[in-house]
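A.B. asks: Here you go, this is start.cif (mmCIF, C-alpha atoms).
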```cif
data_upload
#
loop_
_atom_site.group_PDB
_atom_site.id
_atom_site.type_symbol
_atom_site.label_atom_id
_atom_site.label_comp_id
_atom_site.auth_asym_id
_atom_site.auth_seq_id
_atom_site.Cartn_x
_atom_site.Cartn_y
_atom_site.Cartn_z
ATOM 1 C CA MET A 253 -39.888 -40.138 -7.256
ATOM 2 C CA ASN A 254 -37.458 -42.475 -8.667
ATOM 3 C CA LYS A 255 -33.722 -42.324 -8.765
ATOM 4 C CA LYS A 256 -33.429 -40.804 -12.286
ATOM 5 C CA GLN A 257 -35.711 -37.908 -11.461
ATOM 6 C CA LEU A 258 -33.781 -37.143 -8.292
ATOM 7 C CA LEU A 259 -30.446 -37.229 -10.134
ATOM 8 C CA GLN A 260 -31.814 -35.005 -12.875
ATOM 9 C CA SER A 261 -33.110 -32.426 -10.381
ATOM 10 C CA PHE A 262 -29.765 -32.491 -8.557
ATOM 11 C CA GLN A 263 -27.927 -31.956 -11.874
ATOM 12 C CA GLU A 264 -30.155 -28.992 -12.674
ATOM 13 C CA LEU A 265 -29.489 -27.492 -9.248
ATOM 14 C CA LYS A 266 -25.778 -28.073 -9.679
ATOM 15 C CA ASN A 267 -25.809 -26.317 -13.073
ATOM 16 C CA GLU A 268 -27.721 -23.350 -11.649
ATOM 17 C CA ILE A 269 -25.279 -23.117 -8.725
ATOM 18 C CA ASP A 270 -22.339 -23.160 -11.169
ATOM 19 C CA LYS A 271 -23.962 -20.394 -13.206
ATOM 20 C CA LEU A 272 -24.470 -18.303 -10.085
ATOM 21 C CA ARG A 273 -20.869 -18.903 -9.008
ATOM 22 C CA SER A 274 -19.545 -17.830 -12.394
ATOM 23 C CA LYS A 275 -21.719 -14.717 -12.284
ATOM 24 C CA HIS A 276 -20.471 -13.980 -8.789
ATOM 25 C CA ILE A 277 -16.867 -14.446 -9.914
ATOM 26 C CA VAL A 278 -17.464 -12.184 -12.895
ATOM 27 C CA GLN A 279 -19.062 -9.585 -10.654
ATOM 28 C CA GLY A 280 -16.145 -9.864 -8.236
ATOM 29 C CA LEU A 281 -13.680 -9.359 -11.070
ATOM 30 C CA LYS A 282 -15.702 -6.448 -12.371
ATOM 31 C CA ASP A 283 -15.668 -4.841 -8.915
ATOM 32 C CA LYS A 284 -11.893 -5.347 -8.691
ATOM 33 C CA PHE A 285 -11.396 -3.746 -12.087
ATOM 34 C CA ILE A 286 -13.563 -0.792 -11.132
ATOM 35 C CA SER A 287 -11.680 -0.234 -7.871
ATOM 36 C CA GLU A 288 -8.341 -0.580 -9.695
ATOM 37 C CA LYS A 289 -9.530 1.908 -12.321
ATOM 38 C CA LYS A 290 -10.489 4.429 -9.642
ATOM 39 C CA MET A 291 -7.145 4.008 -7.916
ATOM 40 C CA LEU A 292 -5.248 4.498 -11.181
ATOM 41 C CA GLU A 293 -7.310 7.575 -12.044
ATOM 42 C CA LYS A 294 -6.433 9.105 -8.675
ATOM 43 C CA LYS A 295 -2.741 8.368 -9.193
ATOM 44 C CA ILE A 296 -2.827 9.822 -12.700
ATOM 45 C CA GLU A 297 -4.635 12.938 -11.524
ATOM 46 C CA LYS A 298 -2.161 13.408 -8.675
ATOM 47 C CA THR A 299 0.774 13.009 -11.054
ATOM 48 C CA VAL A 300 -0.709 15.463 -13.541
ATOM 49 C CA VAL A 301 -1.285 18.047 -10.810
ATOM 50 C CA GLU A 302 2.307 17.659 -9.584
ATOM 51 C CA GLU A 303 3.682 18.008 -13.106
ATOM 52 C CA MET A 304 1.550 21.101 -13.703
ATOM 53 C CA LYS A 305 2.936 22.664 -10.524
ATOM 54 C CA LYS A 306 6.477 21.897 -11.683
ATOM 55 C CA ALA A 307 5.753 23.363 -15.112
ATOM 56 C CA LYS A 308 4.280 26.544 -13.615
ATOM 57 C CA LYS A 309 7.287 26.931 -11.337
ATOM 58 C CA PHE A 310 9.621 26.463 -14.296
ATOM 59 C CA MET A 311 7.681 29.023 -16.333
ATOM 60 C CA THR A 312 7.862 31.644 -13.568
ATOM 61 C CA GLU A 313 11.606 31.090 -13.235
ATOM 62 C CA GLN A 314 12.038 31.448 -16.977
ATOM 63 C CA LYS A 315 9.973 34.646 -16.995
ATOM 64 C CA LYS A 316 12.199 36.087 -14.265
ATOM 65 C CA GLU A 317 15.310 35.225 -16.251
ATOM 66 C CA LEU A 318 13.861 36.729 -19.419
ATOM 67 C CA ASN A 319 12.929 39.913 -17.571
ATOM 68 C CA LYS A 320 16.481 40.225 -16.252
ATOM 69 C CA ILE A 321 17.915 39.733 -19.729
ATOM 70 C CA GLN A 322 15.425 42.186 -21.216
ATOM 71 C CA LYS A 323 16.394 44.851 -18.683
ATOM 72 C CA LYS A 324 20.073 44.359 -19.504
ATOM 73 C CA VAL A 325 19.398 44.584 -23.234
ATOM 74 C CA GLU A 326 17.251 47.698 -22.839
ATOM 75 C CA ALA A 327 19.934 49.327 -20.708
ATOM 76 C CA ALA A 328 22.595 48.542 -23.296
ATOM 77 C CA VAL A 329 20.433 49.808 -26.152
ATOM 78 C CA SER A 330 19.549 53.007 -24.315
ATOM 79 C CA LYS A 331 23.238 53.695 -23.573
ATOM 80 C CA LYS A 332 24.137 53.336 -27.239
ATOM 81 C CA ALA A 333 21.140 55.312 -28.455
ATOM 82 C CA LYS A 334 21.524 58.342 -26.150
ATOM 83 C CA PRO A 335 24.835 59.773 -27.477
ATOM 84 C CA SER A 336 23.743 59.728 -31.118
ATOM 85 C CA THR A 337 20.470 61.527 -30.387
ATOM 86 C CA LYS A 338 22.269 64.220 -28.384
ATOM 87 C CA LYS A 339 24.543 65.053 -31.293
ATOM 88 C CA VAL A 340 21.648 65.420 -33.687
ATOM 89 C CA VAL A 341 19.693 67.566 -31.264
ATOM 90 C CA SER A 342 22.636 69.824 -30.566
ATOM 91 C CA LYS A 343 23.336 70.401 -34.273
ATOM 92 C CA LYS A 344 19.713 71.327 -34.892
ATOM 93 C CA ALA A 345 19.665 73.660 -31.941
ATOM 94 C CA THR A 346 22.766 75.513 -33.117
ATOM 95 C CA LYS A 347 21.381 75.876 -36.638
ATOM 96 C CA LYS A 348 18.175 77.413 -35.284
ATOM 97 C CA THR A 349 20.018 79.882 -33.127
ATOM 98 C CA VAL A 350 22.271 80.857 -36.014
ATOM 99 C CA THR A 351 19.321 81.480 -38.326
ATOM 100 C CA LYS A 352 17.525 83.503 -35.654
ATOM 101 C CA ALA A 353 20.610 85.602 -35.059
ATOM 102 C CA THR A 354 21.079 86.331 -38.758
ATOM 103 C CA LYS A 355 17.427 87.337 -39.134
ATOM 104 C CA LYS A 356 17.722 89.793 -36.251
ATOM 105 C CA LYS A 357 20.835 91.364 -37.754
ATOM 106 C CA ALA A 358 19.122 91.682 -41.079
ATOM 107 C CA ASN A 359 16.227 93.618 -39.537
#
```
Represent the structure contained in this file as structure tokens.

C.D. replies:
Amino acid sequence: MNKKQLLQSFQELKNEIDKLRSKHIVQGLKDKFISEKKMLEKKIEKTVVEEMKKAKKFMTEQKKELNKIQKKVEAAVSKKAKPSTKKVVSKKATKKTVTKATKKKAN
């Protein structure tokens, strides 16, 4: 083997080593990206779960408030509605008794 052949074989080896290094670097970067992606997904999932819990808590509080308001409104409506229905019922009842009494006298 002469000097040129040795240099050429060394150059080829050097090129192959560089290719392998670049592949290794790329693989290392790929692994880092994958691990970073997994970490971010976990953080996002944790944040979403926390926000969902907060939203559910808020919704239950709002439902309680609405129920309280609804009870107050129903109580107010029932108070206003009761006196007017009593008057109508009492007028009808007196009319019926009057008509019954007049029929009995007529017989």

A.B. asks: What's the separation between CA of Lys305 in chain A and CA of Ser287 in chain A, in Å to one decimal place?

C.D. replies: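 Distance reported for this atom pair: 27.3 Å.
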
A.B. asks: So how many Å separate CA of Gln263 in chain A and CA of Lys282 in chain A, to one decimal?

C.D. replies: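 Computing it gives 28.3 Å between the two atoms.
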
A.B. asks: Using CA of Ser274 in chain A and CA of Lys290 in chain A as the two end points, give the distance in Å to one decimal.

C.D. replies: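 One can read the CA of Ser274 in chain A to CA of Lys290 in chain A distance as 24.2 Å.
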
A.B. asks: Can you take the partial range 302-318 of chain A, add N, CA, C and O atoms, and return it as a PDB file, keeping the file's coordinate frame?

C.D. replies:
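Dumped everything to selection-v9.pdb:
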```
ATOM      1  N   GLU A 302       0.919  17.403  -9.984  1.00  0.00           N
ATOM      2  CA  GLU A 302       2.307  17.659  -9.584  1.00  0.00           C
ATOM      3  C   GLU A 302       3.127  18.179 -10.763  1.00  0.00           C
ATOM      4  O   GLU A 302       3.907  19.121 -10.616  1.00  0.00           O
ATOM      5  N   GLU A 303       2.942  17.581 -11.927  1.00  0.00           N
ATOM      6  CA  GLU A 303       3.682  18.008 -13.106  1.00  0.00           C
ATOM      7  C   GLU A 303       3.281  19.423 -13.528  1.00  0.00           C
ATOM      8  O   GLU A 303       4.119  20.206 -13.975  1.00  0.00           O
ATOM      9  N   MET A 304       2.003  19.750 -13.383  1.00  0.00           N
ATOM     10  CA  MET A 304       1.550  21.101 -13.703  1.00  0.00           C
ATOM     11  C   MET A 304       2.190  22.119 -12.762  1.00  0.00           C
ATOM     12  O   MET A 304       2.596  23.198 -13.191  1.00  0.00           O
ATOM     13  N   LYS A 305       2.293  21.771 -11.484  1.00  0.00           N
ATOM     14  CA  LYS A 305       2.936  22.664 -10.524  1.00  0.00           C
ATOM     15  C   LYS A 305       4.399  22.876 -10.901  1.00  0.00           C
ATOM     16  O   LYS A 305       4.902  24.002 -10.869  1.00  0.00           O
ATOM     17  N   LYS A 306       5.079  21.788 -11.271  1.00  0.00           N
ATOM     18  CA  LYS A 306       6.477  21.897 -11.683  1.00  0.00           C
ATOM     19  C   LYS A 306       6.610  22.767 -12.925  1.00  0.00           C
ATOM     20  O   LYS A 306       7.515  23.598 -13.017  1.00  0.00           O
ATOM     21  N   ALA A 307       5.699  22.583 -13.868  1.00  0.00           N
ATOM     22  CA  ALA A 307       5.753  23.363 -15.112  1.00  0.00           C
ATOM     23  C   ALA A 307       5.508  24.843 -14.827  1.00  0.00           C
ATOM     24  O   ALA A 307       6.187  25.715 -15.392  1.00  0.00           O
ATOM     25  N   LYS A 308       4.556  25.148 -13.966  1.00  0.00           N
ATOM     26  CA  LYS A 308       4.280  26.544 -13.615  1.00  0.00           C
ATOM     27  C   LYS A 308       5.484  27.179 -12.928  1.00  0.00           C
ATOM     28  O   LYS A 308       5.841  28.328 -13.209  1.00  0.00           O
ATOM     29  N   LYS A 309       6.106  26.434 -12.030  1.00  0.00           N
ATOM     30  CA  LYS A 309       7.287  26.931 -11.337  1.00  0.00           C
ATOM     31  C   LYS A 309       8.406  27.206 -12.337  1.00  0.00           C
ATOM     32  O   LYS A 309       9.056  28.252 -12.292  1.00  0.00           O
ATOM     33  N   PHE A 310       8.600  26.292 -13.261  1.00  0.00           N
ATOM     34  CA  PHE A 310       9.621  26.463 -14.296  1.00  0.00           C
ATOM     35  C   PHE A 310       9.330  27.692 -15.146  1.00  0.00           C
ATOM     36  O   PHE A 310      10.229  28.474 -15.452  1.00  0.00           O
ATOM     37  N   MET A 311       8.064  27.876 -15.512  1.00  0.00           N
ATOM     38  CA  MET A 311       7.681  29.023 -16.333  1.00  0.00           C
ATOM     39  C   MET A 311       7.937  30.340 -15.596  1.00  0.00           C
ATOM     40  O   MET A 311       8.432  31.302 -16.193  1.00  0.00           O
ATOM     41  N   THR A 312       7.626  30.411 -14.315  1.00  0.00           N
ATOM     42  CA  THR A 312       7.862  31.644 -13.568  1.00  0.00           C
ATOM     43  C   THR A 312       9.356  31.931 -13.469  1.00  0.00           C
ATOM     44  O   THR A 312       9.772  33.096 -13.588  1.00  0.00           O
ATOM     45  N   GLU A 313      10.163  30.895 -13.277  1.00  0.00           N
ATOM     46  CA  GLU A 313      11.606  31.090 -13.235  1.00  0.00           C
ATOM     47  C   GLU A 313      12.124  31.593 -14.575  1.00  0.00           C
ATOM     48  O   GLU A 313      12.966  32.496 -14.637  1.00  0.00           O
ATOM     49  N   GLN A 314      11.608  31.023 -15.649  1.00  0.00           N
ATOM     50  CA  GLN A 314      12.038  31.448 -16.977  1.00  0.00           C
ATOM     51  C   GLN A 314      11.620  32.885 -17.265  1.00  0.00           C
ATOM     52  O   GLN A 314      12.360  33.653 -17.874  1.00  0.00           O
ATOM     53  N   LYS A 315      10.429  33.270 -16.813  1.00  0.00           N
ATOM     54  CA  LYS A 315       9.973  34.646 -16.995  1.00  0.00           C
ATOM     55  C   LYS A 315      10.895  35.611 -16.256  1.00  0.00           C
ATOM     56  O   LYS A 315      11.229  36.682 -16.769  1.00  0.00           O
ATOM     57  N   LYS A 316      11.292  35.237 -15.036  1.00  0.00           N
ATOM     58  CA  LYS A 316      12.199  36.087 -14.265  1.00  0.00           C
ATOM     59  C   LYS A 316      13.523  36.263 -15.001  1.00  0.00           C
ATOM     60  O   LYS A 316      14.050  37.377 -15.094  1.00  0.00           O
ATOM     61  N   GLU A 317      14.048  35.165 -15.509  1.00  0.00           N
ATOM     62  CA  GLU A 317      15.310  35.225 -16.251  1.00  0.00           C
ATOM     63  C   GLU A 317      15.167  36.095 -17.491  1.00  0.00           C
ATOM     64  O   GLU A 317      16.044  36.910 -17.792  1.00  0.00           O
ATOM     65  N   LEU A 318      14.079  35.916 -18.223  1.00  0.00           N
ATOM     66  CA  LEU A 318      13.861  36.729 -19.419  1.00  0.00           C
ATOM     67  C   LEU A 318      13.728  38.207 -19.078  1.00  0.00           C
ATOM     68  O   LEU A 318      14.223  39.071 -19.813  1.00  0.00           O
TER      69      LEU A 318
END
```
